[in-house]
file input_23.json (JSON, C-alpha atoms and all ligand atoms)
[["chain", "number", "residue", "atom", "x", "y", "z"],
["W", 1, "MET", "CA", -1.00, 71.01, -60.96],
["W", 2, "SER", "CA", 2.01, 73.08, -59.85],
["W", 3, "PRO", "CA", 4.70, 71.47, -57.68],
["W", 4, "ASP", "CA", 4.70, 72.21, -53.96],
["W", 5, "ASN", "CA", 8.26, 72.19, -52.66],
["W", 6, "ARG", "CA", 7.43, 73.06, -49.07],
["W", 7, "PRO", "CA", 8.89, 70.45, -46.69],
["W", 8, "ILE", "CA", 7.27, 67.44, -45.08],
["W", 9, "GLY", "CA", 7.91, 67.53, -41.30],
["W", 10, "LEU", "CA", 8.69, 64.36, -39.36],
["W", 11, "PHE", "CA", 9.38, 64.00, -35.65],
["W", 12, "ASP", "CA", 10.17, 61.53, -32.90],
["W", 13, "SER", "CA", 11.65, 61.52, -29.41],
["W", 14, "GLY", "CA", 14.99, 60.59, -30.97],
["W", 15, "VAL", "CA", 16.45, 58.51, -33.77],
["W", 16, "GLY", "CA", 13.47, 56.12, -34.05],
["W", 17, "GLY", "CA", 11.60, 58.16, -36.63],
["W", 18, "LEU", "CA", 14.59, 57.77, -38.94],
["W", 19, "SER", "CA", 13.19, 54.31, -39.74],
["W", 20, "VAL", "CA", 10.16, 56.14, -41.17],
["W", 21, "LEU", "CA", 12.20, 58.93, -42.78],
["W", 22, "ARG", "CA", 14.21, 56.26, -44.62],
["W", 23, "ALA", "CA", 11.03, 54.82, -46.16],
["W", 24, "VAL", "CA", 9.62, 58.27, -47.07],
["W", 25, "ARG", "CA", 12.95, 59.23, -48.63],
["W", 26, "ASP", "CA", 13.09, 55.99, -50.65],
["W", 27, "GLN", "CA", 9.56, 56.39, -52.01],
["W", 28, "PHE", "CA", 9.61, 60.17, -52.56],
["W", 29, "PRO", "CA", 13.13, 61.41, -53.33],
["W", 30, "ASP", "CA", 11.72, 64.69, -54.68],
["W", 31, "GLU", "CA", 10.36, 65.75, -51.30],
["W", 32, "ASN", "CA", 12.17, 68.18, -49.01],
["W", 33, "LEU", "CA", 12.10, 66.92, -45.41],
["W", 34, "ILE", "CA", 12.63, 68.37, -41.94],
["W", 35, "TYR", "CA", 13.30, 65.83, -39.19],
["W", 36, "ILE", "CA", 13.11, 66.80, -35.52],
["W", 37, "ALA", "CA", 14.46, 64.56, -32.75],
["W", 38, "ASP", "CA", 13.44, 65.64, -29.25],
["W", 39, "GLN", "CA", 16.39, 63.94, -27.61],
["W", 40, "ALA", "CA", 16.21, 66.27, -24.61],
["W", 41, "HIS", "CA", 13.16, 64.22, -23.63],
["W", 42, "VAL", "CA", 13.92, 60.74, -24.96],
["W", 43, "PRO", "CA", 12.43, 58.27, -24.05],
["W", 44, "TYR", "CA", 8.84, 59.44, -24.42],
["W", 45, "GLY", "CA", 7.48, 55.97, -23.57],
["W", 46, "PRO", "CA", 7.49, 56.21, -19.77],
["W", 47, "ARG", "CA", 6.30, 59.87, -19.69],
["W", 48, "PRO", "CA", 2.71, 60.88, -18.91],
["W", 49, "LYS", "CA", 0.47, 61.25, -21.94],
["W", 50, "THR", "CA", -0.16, 64.93, -21.17],
["W", 51, "GLU", "CA", 3.55, 65.72, -21.26],
["W", 52, "VAL", "CA", 4.12, 63.87, -24.56],
["W", 53, "ALA", "CA", 1.09, 65.67, -26.02],
["W", 54, "LYS", "CA", 2.47, 69.06, -24.97],
["W", 55, "LEU", "CA", 5.89, 68.32, -26.48],
["W", 56, "SER", "CA", 4.26, 67.07, -29.70],
["W", 57, "HIS", "CA", 2.20, 70.26, -30.02],
["W", 58, "GLY", "CA", 5.35, 72.36, -29.48],
["W", 59, "ILE", "CA", 7.18, 70.48, -32.23],
["W", 60, "VAL", "CA", 4.25, 70.80, -34.64],
["W", 61, "ARG", "CA", 4.06, 74.58, -33.99],
["W", 62, "PHE", "CA", 7.73, 74.79, -34.96],
["W", 63, "LEU", "CA", 7.14, 72.71, -38.12],
["W", 64, "VAL", "CA", 4.16, 74.85, -39.10],
["W", 65, "ASN", "CA", 6.32, 77.97, -38.70],
["W", 66, "ARG", "CA", 8.79, 76.29, -41.04],
["W", 67, "ASP", "CA", 5.99, 75.98, -43.59],
["W", 68, "ALA", "CA", 5.52, 72.19, -43.36],
["W", 69, "LYS", "CA", 2.86, 71.01, -45.84],
["W", 70, "LEU", "CA", 2.31, 67.65, -44.13],
["W", 71, "VAL", "CA", 3.44, 66.22, -40.79],
["W", 72, "VAL", "CA", 4.44, 62.63, -40.08],
["W", 73, "VAL", "CA", 4.25, 61.81, -36.38],
["W", 74, "ALA", "CA", 7.04, 59.24, -36.73],
["W", 75, "CYS", "CA", 6.58, 58.01, -33.17],
["W", 76, "ASN", "CA", 3.95, 55.56, -31.92],
["W", 77, "THR", "CA", 4.03, 57.08, -28.44],
["W", 78, "ALA", "CA", 3.40, 60.63, -29.67],
["W", 79, "SER", "CA", 0.72, 59.37, -32.07],
["W", 80, "ALA", "CA", -1.06, 57.69, -29.17],
["W", 81, "ALA", "CA", -0.78, 60.78, -26.99],
["W", 82, "ALA", "CA", -1.42, 63.60, -29.45],
["W", 83, "LEU", "CA", -2.57, 62.69, -32.96],
["W", 84, "LYS", "CA", -6.27, 63.23, -32.39],
["W", 85, "LYS", "CA", -5.78, 66.68, -30.84],
["W", 86, "LEU", "CA", -3.19, 67.68, -33.43],
["W", 87, "ARG", "CA", -5.68, 66.93, -36.21],
["W", 88, "ALA", "CA", -8.30, 68.99, -34.39],
["W", 89, "SER", "CA", -5.90, 71.91, -33.86],
["W", 90, "TYR", "CA", -4.77, 72.01, -37.51],
["W", 91, "PRO", "CA", -7.79, 70.98, -39.55],
["W", 92, "THR", "CA", -6.22, 71.90, -42.90],
["W", 93, "LEU", "CA", -2.83, 70.27, -42.29],
["W", 94, "PRO", "CA", -2.58, 66.59, -43.27],
["W", 95, "PHE", "CA", -1.05, 64.30, -40.62],
["W", 96, "VAL", "CA", 0.21, 60.75, -40.88],
["W", 97, "GLY", "CA", 0.56, 58.92, -37.58],
["W", 98, "MET", "CA", 1.89, 55.58, -36.42],
["W", 99, "GLU", "CA", -0.33, 52.76, -35.29],
["W", 100, "PRO", "CA", 1.10, 49.31, -34.51],
["W", 101, "ALA", "CA", 0.60, 47.01, -37.51],
["W", 102, "VAL", "CA", -1.68, 44.62, -35.62],
["W", 103, "LYS", "CA", -4.10, 44.39, -38.54],
["W", 104, "PRO", "CA", -1.76, 42.82, -41.15],
["W", 105, "ALA", "CA", -0.26, 40.58, -38.45],
["W", 106, "ALA", "CA", -3.67, 39.35, -37.31],
["W", 107, "GLU", "CA", -4.86, 38.82, -40.88],
["W", 108, "GLU", "CA", -1.84, 36.78, -41.91],
["W", 109, "THR", "CA", -1.03, 34.73, -38.80],
["W", 110, "ASN", "CA", -1.18, 30.96, -39.21],
["W", 111, "SER", "CA", -0.55, 30.10, -35.57],
["W", 112, "GLY", "CA", -3.14, 32.57, -34.28],
["W", 113, "VAL", "CA", -0.54, 34.17, -32.01],
["W", 114, "VAL", "CA", 1.14, 37.51, -32.78],
["W", 115, "GLY", "CA", 3.58, 39.59, -30.75],
["W", 116, "VAL", "CA", 3.80, 43.37, -30.47],
["W", 117, "LEU", "CA", 6.81, 45.29, -29.14],
["W", 118, "ALA", "CA", 5.99, 48.89, -28.13],
["W", 119, "THR", "CA", 6.36, 51.40, -25.30],
["W", 120, "PRO", "CA", 4.07, 51.36, -22.21],
["W", 121, "ALA", "CA", 2.37, 54.57, -23.38],
["W", 122, "THR", "CA", 1.52, 53.03, -26.75],
["W", 123, "PHE", "CA", -0.03, 49.95, -25.12],
["W", 124, "GLN", "CA", -2.11, 52.13, -22.80],
["W", 125, "GLY", "CA", -3.36, 54.29, -25.67],
["W", 126, "GLU", "CA", -6.81, 54.25, -27.18],
["W", 127, "LEU", "CA", -5.34, 53.94, -30.69],
["W", 128, "TYR", "CA", -3.65, 50.61, -29.94],
["W", 129, "ASN", "CA", -6.53, 49.16, -27.96],
["W", 130, "SER", "CA", -9.13, 50.01, -30.56],
["W", 131, "THR", "CA", -6.92, 48.47, -33.27],
["W", 132, "VAL", "CA", -6.65, 45.21, -31.30],
["W", 133, "GLU", "CA", -10.37, 45.23, -30.65],
["W", 134, "ARG", "CA", -11.30, 45.82, -34.28],
["W", 135, "PHE", "CA", -8.76, 43.68, -36.10],
["W", 136, "ALA", "CA", -7.50, 40.95, -33.77],
["W", 137, "GLN", "CA", -10.69, 39.15, -32.77],
["W", 138, "GLY", "CA", -9.88, 35.48, -32.17],
["W", 139, "VAL", "CA", -6.12, 36.10, -32.31],
["W", 140, "THR", "CA", -3.88, 36.05, -29.24],
["W", 141, "VAL", "CA", -1.89, 39.28, -29.08],
["W", 142, "LEU", "CA", 1.18, 39.14, -26.83],
["W", 143, "GLN", "CA", 2.78, 42.40, -25.77],
["W", 144, "HIS", "CA", 6.16, 43.46, -24.44],
["W", 145, "THR", "CA", 7.60, 46.90, -23.66],
["W", 146, "CYS", "CA", 11.30, 45.95, -23.92],
["W", 147, "PRO", "CA", 12.45, 48.23, -21.06],
["W", 148, "GLY", "CA", 15.75, 49.92, -21.85],
["W", 149, "LEU", "CA", 15.68, 49.15, -25.59],
["W", 150, "VAL", "CA", 15.02, 52.74, -26.76],
["W", 151, "ARG", "CA", 18.02, 53.92, -24.72],
["W", 152, "GLN", "CA", 20.27, 51.24, -26.19],
["W", 153, "ILE", "CA", 19.28, 52.26, -29.72],
["W", 154, "GLU", "CA", 19.78, 55.96, -28.88],
["W", 155, "MET", "CA", 23.37, 55.03, -27.97],
["W", 156, "GLY", "CA", 23.81, 53.17, -31.24],
["W", 157, "HIS", "CA", 24.07, 49.84, -29.39],
["W", 158, "VAL", "CA", 22.06, 47.89, -31.93],
["W", 159, "ALA", "CA", 24.04, 44.67, -31.81],
["W", 160, "ASP", "CA", 25.57, 44.32, -28.35],
["W", 161, "ALA", "CA", 25.00, 41.73, -25.62],
["W", 162, "GLU", "CA", 22.80, 43.96, -23.43],
["W", 163, "THR", "CA", 20.48, 44.76, -26.34],
["W", 164, "LYS", "CA", 20.26, 41.06, -27.17],
["W", 165, "ASP", "CA", 19.37, 40.27, -23.52],
["W", 166, "ILE", "CA", 16.53, 42.82, -23.56],
["W", 167, "LEU", "CA", 15.17, 41.32, -26.77],
["W", 168, "GLU", "CA", 15.49, 37.74, -25.57],
["W", 169, "ARG", "CA", 13.50, 38.58, -22.46],
["W", 170, "ALA", "CA", 10.70, 39.82, -24.70],
["W", 171, "LEU", "CA", 10.85, 37.31, -27.52],
["W", 172, "ILE", "CA", 11.62, 33.93, -25.97],
["W", 173, "PRO", "CA", 8.35, 33.77, -23.98],
["W", 174, "MET", "CA", 6.52, 34.80, -27.18],
["W", 175, "LEU", "CA", 8.21, 32.01, -29.14],
["W", 176, "GLU", "CA", 7.23, 29.52, -26.44],
["W", 177, "LYS", "CA", 3.60, 30.56, -26.94],
["W", 178, "GLY", "CA", 3.78, 29.95, -30.70],
["W", 179, "VAL", "CA", 4.05, 33.48, -32.11],
["W", 180, "ASP", "CA", 4.58, 33.63, -35.91],
["W", 181, "LYS", "CA", 4.48, 37.44, -36.51],
["W", 182, "VAL", "CA", 6.24, 40.12, -34.51],
["W", 183, "VAL", "CA", 5.13, 43.73, -34.97],
["W", 184, "MET", "CA", 7.46, 46.70, -34.47],
["W", 185, "GLY", "CA", 5.17, 49.01, -32.49],
["W", 186, "CYS", "CA", 7.88, 51.58, -31.78],
["W", 187, "THR", "CA", 9.77, 53.36, -34.56],
["W", 188, "HIS", "CA", 13.11, 52.77, -32.81],
["W", 189, "TYR", "CA", 12.81, 48.99, -32.97],
["W", 190, "PRO", "CA", 13.32, 48.40, -36.73],
["W", 191, "PHE", "CA", 16.98, 49.25, -36.13],
["W", 192, "VAL", "CA", 17.37, 45.99, -34.19],
["W", 193, "ILE", "CA", 15.55, 43.78, -36.70],
["W", 194, "PRO", "CA", 18.80, 41.91, -37.58],
["W", 195, "LEU", "CA", 19.19, 41.02, -33.89],
["W", 196, "ILE", "CA", 15.51, 40.10, -33.59],
["W", 197, "LYS", "CA", 15.86, 37.76, -36.58],
["W", 198, "GLU", "CA", 18.86, 36.12, -34.93],
["W", 199, "ILE", "CA", 16.67, 35.33, -31.94],
["W", 200, "VAL", "CA", 13.40, 34.34, -33.62],
["W", 201, "GLY", "CA", 14.80, 32.65, -36.75],
["W", 202, "ALA", "CA", 13.83, 32.95, -40.40],
["W", 203, "GLU", "CA", 10.36, 31.38, -40.04],
["W", 204, "ILE", "CA", 8.91, 34.26, -38.05],
["W", 205, "GLU", "CA", 7.87, 37.41, -39.86],
["W", 206, "VAL", "CA", 9.00, 40.72, -38.38],
["W", 207, "ILE", "CA", 6.72, 43.57, -39.47],
["W", 208, "ASP", "CA", 8.13, 47.10, -39.86],
["W", 209, "PRO", "CA", 5.23, 49.44, -40.69],
["W", 210, "ALA", "CA", 7.46, 52.16, -42.22],
["W", 211, "PRO", "CA", 6.91, 51.31, -45.93],
["W", 212, "ALA", "CA", 3.11, 51.28, -45.40],
["W", 213, "VAL", "CA", 3.30, 54.61, -43.54],
["W", 214, "ALA", "CA", 5.28, 56.09, -46.42],
["W", 215, "ARG", "CA", 2.63, 54.87, -48.88],
["W", 216, "GLN", "CA", 0.03, 56.70, -46.80],
["W", 217, "VAL", "CA", 2.18, 59.86, -47.10],
["W", 218, "GLY", "CA", 2.01, 59.39, -50.88],
["W", 219, "ARG", "CA", -1.79, 59.04, -50.83],
["W", 220, "LEU", "CA", -2.15, 62.29, -48.87],
["W", 221, "LEU", "CA", 0.32, 64.15, -51.09],
["W", 222, "ASP", "CA", -1.88, 63.22, -54.04],
["W", 223, "GLN", "CA", -5.16, 63.88, -52.28],
["W", 224, "TYR", "CA", -4.08, 67.39, -51.24],
["W", 225, "ASP", "CA", -2.12, 68.05, -54.44],
["W", 226, "LEU", "CA", 1.14, 68.56, -52.56],
["W", 227, "ARG", "CA", 3.77, 66.68, -54.59],
["W", 228, "ALA", "CA", 7.17, 68.36, -54.92],
["W", 229, "LYS", "CA", 9.37, 68.44, -58.00],
["W", 230, "THR", "CA", 13.10, 68.66, -57.39],
["W", 231, "GLY", "CA", 14.43, 66.07, -59.85],
["W", 232, "GLY", "CA", 15.08, 63.58, -57.04],
["W", 233, "LYS", "CA", 17.12, 66.15, -55.12],
["W", 234, "GLY", "CA", 14.93, 66.74, -52.08],
["W", 235, "GLN", "CA", 16.91, 68.24, -49.19],
["W", 236, "ILE", "CA", 16.74, 66.91, -45.64],
["W", 237, "GLN", "CA", 17.25, 69.15, -42.61],
["W", 238, "PHE", "CA", 17.95, 67.39, -39.32],
["W", 239, "MET", "CA", 17.44, 69.06, -35.96],
["W", 240, "THR", "CA", 17.75, 67.79, -32.41],
["W", 241, "THR", "CA", 17.16, 69.09, -28.91],
["W", 242, "GLY", "CA", 20.05, 66.83, -27.87],
["W", 243, "ASP", "CA", 23.66, 66.74, -29.04],
["W", 244, "PRO", "CA", 23.93, 67.47, -32.82],
["W", 245, "GLU", "CA", 27.32, 65.76, -33.15],
["W", 246, "GLU", "CA", 26.09, 62.58, -31.55],
["W", 247, "PHE", "CA", 22.95, 62.67, -33.73],
["W", 248, "SER", "CA", 25.04, 63.10, -36.83],
["W", 249, "ARG", "CA", 27.14, 60.05, -35.88],
["W", 250, "LEU", "CA", 23.96, 57.99, -35.43],
["W", 251, "LEU", "CA", 22.61, 59.21, -38.76],
["W", 252, "ILE", "CA", 25.58, 57.62, -40.49],
["W", 253, "GLN", "CA", 25.43, 54.46, -38.41],
["W", 254, "LEU", "CA", 21.69, 53.83, -38.64],
["W", 255, "VAL", "CA", 20.66, 55.15, -42.04],
["W", 256, "GLY", "CA", 23.93, 55.85, -43.86],
["W", 257, "LEU", "CA", 23.24, 59.58, -44.26],
["W", 258, "GLU", "CA", 25.88, 62.23, -43.80],
["W", 259, "SER", "CA", 24.43, 65.60, -42.88],
["W", 260, "GLN", "CA", 24.79, 68.64, -40.71],
["W", 261, "VAL", "CA", 22.48, 68.66, -37.71],
["W", 262, "LYS", "CA", 21.07, 71.82, -36.13],
["W", 263, "ARG", "CA", 20.54, 72.31, -32.44],
["W", 264, "LEU", "CA", 17.14, 73.28, -31.06],
["W", 265, "VAL", "CA", 16.33, 74.29, -27.50],
["W", 266, "TRP", "CA", 13.04, 74.41, -25.65],
["W", 267, "ILE", "CA", 12.28, 77.88, -24.25],
["W", 268, "LYS", "CA", 8.99, 78.27, -22.38],
["W", 269, "GLY", "CA", 7.37, 75.44, -24.30],
["W", 270, "GLU", "CA", 8.58, 76.66, -27.72],
["W", 271, "LEU", "CA", 11.38, 75.26, -29.89],
["W", 272, "VAL", "CA", 14.05, 77.77, -30.83],
["W", 273, "GLU", "CA", 17.00, 77.27, -33.17],
["W", 274, "ARG", "CA", 20.47, 77.71, -31.66],
["D", 1, "LIG", "N1", 10.09, 55.89, -31.22],
["D", 1, "LIG", "C1", 9.04, 56.11, -30.33],
["D", 1, "LIG", "C2", 7.83, 55.27, -30.57],
["D", 1, "LIG", "O1", 7.58, 54.93, -31.69],
["D", 1, "LIG", "C3", 9.32, 56.58, -28.94],
["D", 1, "LIG", "C4", 10.14, 55.75, -28.08],
["D", 1, "LIG", "C5", 10.38, 56.48, -26.79],
["D", 1, "LIG", "O2", 10.85, 57.61, -26.83],
["D", 1, "LIG", "O3", 10.07, 55.91, -25.74],
["D", 1, "LIG", "O4", 7.08, 54.96, -29.69]]
call {"tool": "encode", "arguments": {"input": "input_23.json", "output": "structure tokens"}}
result
Amino acid sequence: MSPDNRPIGLFDSGVGGLSVLRAVRDQFPDENLIYIADQAHVPYGPRPKTEVAKLSHGIVRFLVNRDAKLVVVACNTASAAALKKLRASYPTLPFVGMEPAVKPAAEETNSGVVGVLATPATFQGELYNSTVERFAQGVTVLQHTCPGLVRQIEMGHVADAETKDILERALIPMLEKGVDKVVMGCTHYPFVIPLIKEIVGAEIEVIDPAPAVARQVGRLLDQYDLRAKTGGKGQIQFMTTGDPEEFSRLLIQLVGLESQVKRLVWIKGELVER
């Protein structure tokens, strides 16, 4: 079994997927990673499914050209819009996608009421609806899209009054209905878990699926014999279609990583490095 040091690719509309990158990094420090933030198009949530699918395919083409050995679609919205077709287009490339953690929430609820916070596109997707249908029979699943929350997090406003207002509008009605688990159905939202806990209190469990997603990455690395060996020194390359300086500031603020960030631009549907 020889080591495979090709990178794992991860992408999101913006900084959200960093909540997944953090978990992958923690569990697999040997792996080289490439992270792409499509901040020229953030938020993906309100965009038509066809547009998000097209952007996702463009990003995956770029990652494949960079020799990615596995791709993590670190975005619930892009997973809902594109995962199925991506798997069909690249049958030999392993993908890990996001799916709101309705199953563990529904299995472990005592009150029989769980809450999910996600974007409108995720709630409309087949992936989410089939998960609710299969795993949440007999459980009340409350949903909220938290309008404006992705933008607040993209600005690094993870603890201010406006962000708290948005969360209270979503969570207080859920609390009144007896929710005891709240699922992060958007990869941006784990960055406001401290604020969510302030609102819901210690009794309510907030579920961030990132560690479970990282474990799935590990299973696929083993299944396809793709593990890297770098003595815990895996490199991470960050790229954004937005402002690299701003992204680099958020990297420090949100995940405590200091790194250079490269700029990408979209040209006729293809990502090009600038
Ligand atoms: N972080 C993304 C998700 O998991 C996308 C949020 C957005 O761009 O609207 O859904």
call {"tool": "atom_distance", "arguments": {"input": "input_23.json", "atom1": "CA of Gly231 in chain W", "atom2": "CA of Ile59 in chain W"}}
result
28.9 Å
call {"tool": "atom_distance", "arguments": {"input": "input_23.json", "atom1": "CA of Leu10 in chain W", "atom2": "CA of Tyr35 in chain W"}}
result
4.8 Å
call {"tool": "closest_residue", "arguments": {"input": "input_23.json", "among": "W:Gly242, W:Pro94, W:Pro120, W:Gly218", "to": "Tyr44 in chain W", "atoms": "all atoms listed in the file"}}
result
W:Pro120
call {"tool": "residues_near_ligand", "arguments": {"input": "input_23.json", "ligand": "ligand LIG 1 (chain D)", "cutoff": "7 Å", "atoms": "only C-alpha atoms and all ligand atoms", "output": "ChimeraX atom specification"}}
result
/W:12-14,16-17,42-46,74-78,118-119,122,150,185-188
call {"tool": "residues_around", "arguments": {"input": "input_23.json", "residues": "Leu117 in chain W", "least_positions_apart": "3", "cutoff": "10 Å", "atoms": "all atoms listed in the file", "output": "list in words"}}
result
Pro100, Pro120, Thr122, Phe123, Leu142, Gln143, His144, Thr145, Cys146, Leu167, Ala170, Leu171, Val182, Val183, Met184, Gly185, Cys186 and Tyr189 of chain W
call {"tool": "closest_residue", "arguments": {"input": "input_23.json", "among": "W:Leu195, W:Val96, W:Val15, W:Ile8", "to": "Gln235 in chain W", "atoms": "only C-alpha atoms"}}
result
W:Ile8
call {"tool": "closest_atom_pairs", "arguments": {"input": "input_23.json", "of": "range 6-106 of chain W", "to": "range 260-265 of chain W", "cutoff": "9 Å", "atoms": "only C-alpha atoms", "output": "CSV"}}
result
residue,atom,partner,partner_atom,distance
W:Ile36,CA,W:Leu264,CA,8.8
W:Asp38,CA,W:Leu264,CA,8.7
W:Ala40,CA,W:Val265,CA,8.5
call {"tool": "atom_distance", "arguments": {"input": "input_23.json", "atom1": "CA of Gln39 in chain W", "atom2": "CA of Thr241 in chain W"}}
result
5.4 Å
call {"tool": "residues_around", "arguments": {"input": "input_23.json", "residues": "Ala210 in chain W", "least_positions_apart": "4", "cutoff": "10 Å", "atoms": "only C-alpha atoms", "output": "PyMOL selection string"}}
result
chain W and resi 17-24+74+98+101+184+187+190+214-216
call {"tool": "residues_around", "arguments": {"input": "input_23.json", "residues": "range 106-110 of chain W", "least_positions_apart": "4", "cutoff": "8 Å", "atoms": "all atoms listed in the file", "output": "list in words"}}
result
Val102, Val114, Phe135, Ala136, Val139, Asp180 and Lys181 of chain W
call {"tool": "write_last_selection", "arguments": {"input": "input_23.json", "atoms": "C-alpha atoms", "output": "PDB file, in the frame of the given file"}}
result
ATOM      1  CA  VAL W 102      -1.680  44.620 -35.620  1.00  0.00           C
ATOM      2  CA  VAL W 114       1.140  37.510 -32.780  1.00  0.00           C
ATOM      3  CA  PHE W 135      -8.760  43.680 -36.100  1.00  0.00           C
ATOM      4  CA  ALA W 136      -7.500  40.950 -33.770  1.00  0.00           C
ATOM      5  CA  VAL W 139      -6.120  36.100 -32.310  1.00  0.00           C
ATOM      6  CA  ASP W 180       4.580  33.630 -35.910  1.00  0.00           C
ATOM      7  CA  LYS W 181       4.480  37.440 -36.510  1.00  0.00           C
TER       8      LYS W 181
END
call {"tool": "closest_residue", "arguments": {"input": "input_23.json", "among": "W:Ser56, W:Gln253, W:Gln27, W:Asn5", "to": "Val158 in chain W", "atoms": "only C-alpha atoms"}}
result
W:Gln253
call {"tool": "closest_residue", "arguments": {"input": "input_23.json", "among": "W:Glu176, W:Glu168, W:Asp67, W:Asp30", "to": "Gly9 in chain W", "atoms": "all atoms listed in the file"}}
result
W:Asp67
call {"tool": "residues_around", "arguments": {"input": "input_23.json", "residues": "Leu86 in chain W", "least_positions_apart": "4", "cutoff": "8 Å", "atoms": "only C-alpha atoms", "output": "PyMOL selection string"}}
result
chain W and resi 57+82+90
call {"tool": "closest_residue", "arguments": {"input": "input_23.json", "among": "W:Leu127, W:Val213, W:Ile166, W:Thr230", "to": "Val73 in chain W", "atoms": "only C-alpha atoms"}}
result
W:Val213
call {"tool": "closest_residue", "arguments": {"input": "input_23.json", "among": "W:Ala161, W:Ala80, W:Val179, W:Val52", "to": "Glu126 in chain W", "atoms": "only C-alpha atoms"}}
result
W:Ala80
call {"tool": "closest_atom_pairs", "arguments": {"input": "input_23.json", "of": "range 58-113 of chain W", "to": "range 268-271 of chain W", "cutoff": "10 Å", "atoms": "only C-alpha atoms", "output": "CSV"}}
result
residue,atom,partner,partner_atom,distance
W:Gly58,CA,W:Glu270,CA,5.7
W:Ile59,CA,W:Leu271,CA,6.8
W:Val60,CA,W:Leu271,CA,9.7
W:Arg61,CA,W:Glu270,CA,8.0
W:Phe62,CA,W:Leu271,CA,6.3
W:Leu63,CA,W:Leu271,CA,9.6
call {"tool": "residues_around", "arguments": {"input": "input_23.json", "residues": "Ile199 in chain W", "least_positions_apart": "3", "cutoff": "12 Å", "atoms": "only C-alpha atoms", "output": "MDAnalysis selection string"}}
result
chainID W and resid 159 163:175 182 192:196 202:204 206
call {"tool": "write_last_selection", "arguments": {"input": "input_23.json", "atoms": "C-alpha atoms", "output": "PDB file, in the coordinates of the input"}}
result
ATOM      1  CA  ALA W 159      24.040  44.670 -31.810  1.00  0.00           C
ATOM      2  CA  THR W 163      20.480  44.760 -26.340  1.00  0.00           C
ATOM      3  CA  LYS W 164      20.260  41.060 -27.170  1.00  0.00           C
ATOM      4  CA  ASP W 165      19.370  40.270 -23.520  1.00  0.00           C
ATOM      5  CA  ILE W 166      16.530  42.820 -23.560  1.00  0.00           C
ATOM      6  CA  LEU W 167      15.170  41.320 -26.770  1.00  0.00           C
ATOM      7  CA  GLU W 168      15.490  37.740 -25.570  1.00  0.00           C
ATOM      8  CA  ARG W 169      13.500  38.580 -22.460  1.00  0.00           C
ATOM      9  CA  ALA W 170      10.700  39.820 -24.700  1.00  0.00           C
ATOM     10  CA  LEU W 171      10.850  37.310 -27.520  1.00  0.00           C
ATOM     11  CA  ILE W 172      11.620  33.930 -25.970  1.00  0.00           C
ATOM     12  CA  PRO W 173       8.350  33.770 -23.980  1.00  0.00           C
ATOM     13  CA  MET W 174       6.520  34.800 -27.180  1.00  0.00           C
ATOM     14  CA  LEU W 175       8.210  32.010 -29.140  1.00  0.00           C
ATOM     15  CA  VAL W 182       6.240  40.120 -34.510  1.00  0.00           C
ATOM     16  CA  VAL W 192      17.370  45.990 -34.190  1.00  0.00           C
ATOM     17  CA  ILE W 193      15.550  43.780 -36.700  1.00  0.00           C
ATOM     18  CA  PRO W 194      18.800  41.910 -37.580  1.00  0.00           C
ATOM     19  CA  LEU W 195      19.190  41.020 -33.890  1.00  0.00           C
ATOM     20  CA  ILE W 196      15.510  40.100 -33.590  1.00  0.00           C
ATOM     21  CA  ALA W 202      13.830  32.950 -40.400  1.00  0.00           C
ATOM     22  CA  GLU W 203      10.360  31.380 -40.040  1.00  0.00           C
ATOM     23  CA  ILE W 204       8.910  34.260 -38.050  1.00  0.00           C
ATOM     24  CA  VAL W 206       9.000  40.720 -38.380  1.00  0.00           C
TER      25      VAL W 206
END
call {"tool": "decode", "arguments": {"input": "input_23.json", "residues": "range 153-161 of chain W", "atoms": "N, CA and C atoms", "output": "PDB file, in the first residue's frame"}}
result
ATOM      1  N   ILE W 153     -22.233  35.743   8.485  1.00  0.00           N
ATOM      2  CA  ILE W 153     -21.049  34.917   8.771  1.00  0.00           C
ATOM      3  C   ILE W 153     -19.938  35.221   7.775  1.00  0.00           C
ATOM      4  N   GLU W 154     -20.313  35.465   6.507  1.00  0.00           N
ATOM      5  CA  GLU W 154     -19.313  35.838   5.490  1.00  0.00           C
ATOM      6  C   GLU W 154     -18.604  37.140   5.864  1.00  0.00           C
ATOM      7  N   MET W 155     -19.273  37.998   6.655  1.00  0.00           N
ATOM      8  CA  MET W 155     -18.631  39.249   7.070  1.00  0.00           C
ATOM      9  C   MET W 155     -17.882  39.079   8.392  1.00  0.00           C
ATOM     10  N   GLY W 156     -17.941  37.862   8.920  1.00  0.00           N
ATOM     11  CA  GLY W 156     -17.270  37.617  10.205  1.00  0.00           C
ATOM     12  C   GLY W 156     -18.099  38.090  11.394  1.00  0.00           C
ATOM     13  N   HIS W 157     -19.363  38.434  11.153  1.00  0.00           N
ATOM     14  CA  HIS W 157     -20.209  38.919  12.258  1.00  0.00           C
ATOM     15  C   HIS W 157     -20.861  37.737  12.970  1.00  0.00           C
ATOM     16  N   VAL W 158     -20.073  37.012  13.713  1.00  0.00           N
ATOM     17  CA  VAL W 158     -20.598  35.779  14.312  1.00  0.00           C
ATOM     18  C   VAL W 158     -21.140  35.998  15.727  1.00  0.00           C
ATOM     19  N   ALA W 159     -21.014  37.213  16.234  1.00  0.00           N
ATOM     20  CA  ALA W 159     -21.469  37.415  17.617  1.00  0.00           C
ATOM     21  C   ALA W 159     -22.201  38.741  17.797  1.00  0.00           C
ATOM     22  N   ASP W 160     -22.608  39.390  16.702  1.00  0.00           N
ATOM     23  CA  ASP W 160     -23.209  40.715  16.906  1.00  0.00           C
ATOM     24  C   ASP W 160     -24.736  40.655  17.055  1.00  0.00           C
ATOM     25  N   ALA W 161     -25.313  41.829  17.333  1.00  0.00           N
ATOM     26  CA  ALA W 161     -26.744  41.894  17.670  1.00  0.00           C
ATOM     27  C   ALA W 161     -27.629  41.459  16.498  1.00  0.00           C
TER      28      ALA W 161
END
